[in-house]
Structure formats: C-alpha cells, structure tokens
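For reference, work-v5.cif (mmCIF, C-alpha atoms, pLDDT in the B column; chains and numbers go by the auth columns):
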```cif
data_entry
loop_
_atom_site.group_PDB
_atom_site.id
_atom_site.type_symbol
_atom_site.label_atom_id
_atom_site.label_comp_id
_atom_site.label_asym_id
_atom_site.label_seq_id
_atom_site.Cartn_x
_atom_site.Cartn_y
_atom_site.Cartn_z
_atom_site.B_iso_or_equiv
_atom_site.auth_seq_id
_atom_site.auth_asym_id
ATOM 1 C CA MET A 1 42.278 23.054 -9.491 49.00 57 L
ATOM 2 C CA LYS A 2 41.620 23.048 -5.774 52.00 58 L
ATOM 3 C CA ALA A 3 44.523 23.610 -3.418 51.00 59 L
ATOM 4 C CA LYS A 4 44.866 20.847 -0.856 56.00 60 L
ATOM 5 C CA PRO A 5 45.712 21.952 2.693 53.00 61 L
ATOM 6 C CA GLN A 6 49.127 20.673 3.692 59.00 62 L
ATOM 7 C CA PRO A 7 50.514 20.270 7.204 61.00 63 L
ATOM 8 C CA GLY A 8 53.070 22.926 8.058 67.00 64 L
ATOM 9 C CA ARG A 9 51.810 25.534 5.599 73.00 65 L
ATOM 10 C CA SER A 10 50.755 28.934 6.878 85.00 66 L
ATOM 11 C CA ILE A 11 47.291 30.359 6.321 85.00 67 L
ATOM 12 C CA GLN A 12 48.823 32.995 4.014 87.00 68 L
ATOM 13 C CA GLU A 13 50.533 30.300 1.924 89.00 69 L
ATOM 14 C CA GLU A 14 47.247 28.380 1.633 88.00 70 L
ATOM 15 C CA GLN A 15 45.483 31.599 0.528 90.00 71 L
ATOM 16 C CA ILE A 16 48.133 32.213 -2.135 90.00 72 L
ATOM 17 C CA ARG A 17 47.879 28.643 -3.411 88.00 73 L
ATOM 18 C CA THR A 18 44.078 28.961 -3.522 90.00 74 L
ATOM 19 C CA ALA A 19 44.384 32.224 -5.489 90.00 75 L
ATOM 20 C CA LEU A 20 46.793 30.535 -7.909 90.00 76 L
ATOM 21 C CA GLY A 21 44.296 27.697 -8.351 87.00 77 L
ATOM 22 C CA ARG A 22 41.538 30.219 -9.200 90.00 78 L
ATOM 23 C CA HIS A 23 43.938 31.879 -11.648 88.00 79 L
ATOM 24 C CA TRP A 24 44.655 28.629 -13.523 85.00 80 L
ATOM 25 C CA ASP A 25 40.964 27.670 -13.534 85.00 81 L
ATOM 26 C CA ALA A 26 40.078 31.082 -15.035 87.00 82 L
ATOM 27 C CA SER A 27 42.892 30.730 -17.569 83.00 83 L
ATOM 28 C CA ALA A 28 41.622 27.333 -18.685 79.00 84 L
ATOM 29 C CA ALA A 29 38.061 28.709 -18.923 82.00 85 L
ATOM 30 C CA GLY A 30 39.179 31.673 -21.040 80.00 86 L
ATOM 31 C CA ASP A 31 38.038 34.246 -18.453 87.00 87 L
ATOM 32 C CA ALA A 32 40.700 36.920 -19.069 85.00 88 L
ATOM 33 C CA ASN A 33 39.423 39.304 -16.408 88.00 89 L
ATOM 34 C CA ALA A 34 39.364 36.709 -13.629 90.00 90 L
ATOM 35 C CA GLU A 35 42.660 35.277 -14.870 87.00 91 L
ATOM 36 C CA HIS A 36 44.467 38.579 -14.388 90.00 92 L
ATOM 37 C CA GLU A 37 42.939 39.562 -11.021 90.00 93 L
ATOM 38 C CA ILE A 38 45.825 37.785 -9.318 87.00 94 L
ATOM 39 C CA TYR A 39 48.484 40.156 -10.672 89.00 95 L
ATOM 40 C CA ASP A 40 49.626 43.431 -9.150 89.00 96 L
ATOM 41 C CA ASP A 41 49.894 46.367 -11.546 94.00 97 L
ATOM 42 C CA ASP A 42 53.707 46.033 -11.474 94.00 98 L
ATOM 43 C CA ALA A 43 53.818 42.239 -12.004 90.00 99 L
ATOM 44 C CA ILE A 44 56.662 40.707 -14.000 90.00 100 L
ATOM 45 C CA CYS A 45 56.029 37.585 -16.064 88.00 101 L
ATOM 46 C CA ASP A 46 58.988 35.706 -17.536 88.00 102 L
ATOM 47 C CA TYR A 47 58.626 33.111 -20.284 83.00 103 L
ATOM 48 C CA PRO A 48 61.909 31.178 -20.098 84.00 104 L
ATOM 49 C CA GLN A 49 61.249 29.168 -23.266 83.00 105 L
ATOM 50 C CA SER A 50 61.140 32.332 -25.421 87.00 106 L
ATOM 51 C CA GLY A 51 63.121 34.755 -23.281 92.00 107 L
ATOM 52 C CA GLU A 52 60.204 37.198 -23.140 91.00 108 L
ATOM 53 C CA ARG A 53 59.651 39.386 -20.089 95.00 109 L
ATOM 54 C CA ILE A 54 56.272 41.096 -19.735 95.00 110 L
ATOM 55 C CA LEU A 55 56.104 44.085 -17.394 97.00 111 L
ATOM 56 C CA GLY A 56 52.787 44.977 -15.795 95.00 112 L
ATOM 57 C CA ARG A 57 49.350 43.387 -15.492 93.00 113 L
ATOM 58 C CA SER A 58 47.807 45.427 -18.324 94.00 114 L
ATOM 59 C CA ASN A 59 50.597 44.453 -20.735 94.00 115 L
ATOM 60 C CA LEU A 60 50.322 40.796 -19.775 91.00 116 L
ATOM 61 C CA GLN A 61 46.554 40.772 -20.280 91.00 117 L
ATOM 62 C CA ALA A 62 46.873 42.602 -23.617 91.00 118 L
ATOM 63 C CA LEU A 63 49.490 40.128 -24.845 87.00 119 L
ATOM 64 C CA ARG A 64 47.437 37.115 -23.841 80.00 120 L
ATOM 65 C CA SER A 65 44.213 38.505 -25.329 80.00 121 L
ATOM 66 C CA HIS A 66 45.891 38.858 -28.744 77.00 122 L
ATOM 67 C CA HIS A 67 47.555 35.445 -28.733 69.00 123 L
ATOM 68 C CA PRO A 68 46.588 33.557 -31.905 67.00 124 L
ATOM 69 C CA GLY A 69 46.273 30.176 -30.201 65.00 125 L
ATOM 70 C CA LYS A 70 43.809 29.881 -27.379 67.00 126 L
ATOM 71 C CA PRO A 71 44.895 27.562 -24.572 66.00 127 L
ATOM 72 C CA SER A 72 42.661 24.549 -24.092 66.00 128 L
ATOM 73 C CA GLY A 73 44.289 23.369 -20.901 71.00 129 L
ATOM 74 C CA PHE A 74 47.062 23.762 -18.374 76.00 130 L
ATOM 75 C CA ASP A 75 48.977 20.947 -16.723 83.00 131 L
ATOM 76 C CA VAL A 76 50.403 22.485 -13.550 86.00 132 L
ATOM 77 C CA LYS A 77 53.560 20.575 -12.637 90.00 133 L
ATOM 78 C CA ARG A 78 54.373 22.409 -9.421 89.00 134 L
ATOM 79 C CA ILE A 79 53.924 25.638 -7.524 88.00 135 L
ATOM 80 C CA LEU A 80 56.816 26.961 -5.482 89.00 136 L
ATOM 81 C CA GLY A 81 56.927 30.073 -3.415 90.00 137 L
ATOM 82 C CA ASN A 82 57.568 31.982 -0.290 86.00 138 L
ATOM 83 C CA GLY A 83 56.663 35.508 0.736 82.00 139 L
ATOM 84 C CA ASP A 84 55.925 37.594 -2.343 79.00 140 L
ATOM 85 C CA ILE A 85 57.765 35.430 -4.916 85.00 141 L
ATOM 86 C CA TRP A 86 55.791 32.532 -6.417 86.00 142 L
ATOM 87 C CA ILE A 87 56.513 30.386 -9.471 87.00 143 L
ATOM 88 C CA THR A 88 54.212 28.027 -11.340 86.00 144 L
ATOM 89 C CA GLU A 89 55.771 25.430 -13.619 87.00 145 L
ATOM 90 C CA TYR A 90 53.236 24.281 -16.195 84.00 146 L
ATOM 91 C CA THR A 91 52.614 23.028 -19.713 83.00 147 L
ATOM 92 C CA ILE A 92 50.008 24.676 -21.945 78.00 148 L
ATOM 93 C CA THR A 93 47.936 22.743 -24.478 77.00 149 L
ATOM 94 C CA TYR A 94 46.699 24.888 -27.365 72.00 150 L
ATOM 95 C CA GLN A 95 43.657 24.455 -29.596 70.00 151 L
ATOM 96 C CA GLY A 96 44.186 23.759 -33.277 63.00 152 L
ATOM 97 C CA ASP A 97 47.318 23.212 -35.293 58.00 153 L
ATOM 98 C CA TRP A 98 50.546 25.127 -34.834 53.00 154 L
ATOM 99 C CA PRO A 99 53.154 25.523 -37.534 52.00 155 L
ATOM 100 C CA THR A 100 56.374 23.644 -36.860 52.00 156 L
ATOM 101 C CA ARG A 101 59.800 25.173 -37.189 48.00 157 L
#
```
Can the structure from this file be put into structure tokens for me?
Amino acid sequence: MKAKPQPGRSIQEEQIRTALGRHWDASAAGDANAEHEIYDDDAICDYPQSGERILGRSNLQALRSHHPGKPSGFDVKRILGNGDIWITEYTITYQGDWPTR
C-alpha cells in the first residue's frame, strides 16, 4: 500500500502514513520483524472486537507469531491520526477455515 500525498498534510504526517503503509505491507507478507518495526517498546494495541489490550511491542509480536490463523490479506478502510496517536481501521482475511460459534 503506497501512501498518496495529499494537499494540506505535513511532511511528518506523510512520513507516518508511509510507515503505516510499510507496516501493512509487511503484515500481509508475513514479515513479523518488519511488521513490528513501527511500534515503540511501550506501544498499546487495542482489539475492540475482542476487548483485548496488548501492552508493548514484544508482547504484540509474540501474540501475533503464535496466532493459529495466518492473515492472507488486510483491507485498510481508513487511517486517522494526529501527533502521536494514529488509528488504522481494517479487516483481516485469514487463510483456511475457522470454526464458527
């Protein structure tokens, strides 16, 4: 995913959007090291659908590396942010079959 320059956006905002694009590309490619380069050591990741909150880059990478279903794609709906708070709204497509509840 390549960030498209937009009028009115600062250089810093464009750099953040570019970094987020690299993150999602690495995630889709299964490159766990490159995927997690974007996070600070004290990052917080919230999963609103499950109520989970993951504290720290190393915990987030460990959780994702042990996930039973490997993502096969990400559909990024939107990226919102300002300053040091950024949110990506997306849908994950997983490989294989998942049990239904």
Go through the shown structure with the PyMOL selection byres ((chain L and resi 91) around 12) and write out the matching residues as a VMD selection string.
chain L and resid 75 to 90 92 to 95 113 to 114 116 to 117 120 to 121
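When the PyMOL selection byres ((chain L and resi 144) around 10) is evaluated against the file, it yields Leu76, Trp80, Val132, Lys133, Arg134, Ile135, Leu136, Gly137, Trp142, Ile143, Glu145, Tyr146 and Thr147 of chain L.
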Between CA of Ala118 (chain L) and CA of Glu69 (chain L), what is the distance in Å, rounded to a tenth?
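That distance, rounded to one decimal, is 28.6 Å.
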Restricting the calculation to all atoms listed in the file, which member of L:Ile67, L:Leu119, L:Ile72, L:Ile148 is positioned closest to Cys101 (chain L)?
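Looking only at the distances to Cys101 (chain L), the closest residue turns out to be L:Leu119.
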Around all of region 94-99 of chain L's listed atoms, make the axis-aligned box with 8 Å on each side and tell me centre and edge lengths in Å to one decimal, as JSON.
```
{"center_x": 49.8, "center_y": 42.1, "center_z": -10.6, "size_x": 24.0, "size_y": 24.6, "size_z": 18.9}
```
So, counting only C-alpha atoms, which residue among L:Ile100, L:Gly129, L:Glu70, L:Thr149 is closest to Asn115 (chain L)?
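Residue with the minimum atom-to-atom distance to Asn115 (chain L): L:Ile100.
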Which one is closest to Tyr150 (chain L): L:Asp102, L:Asp131, L:Asp97, L:Glu108? Count only C-alpha atoms.
L:Asp131
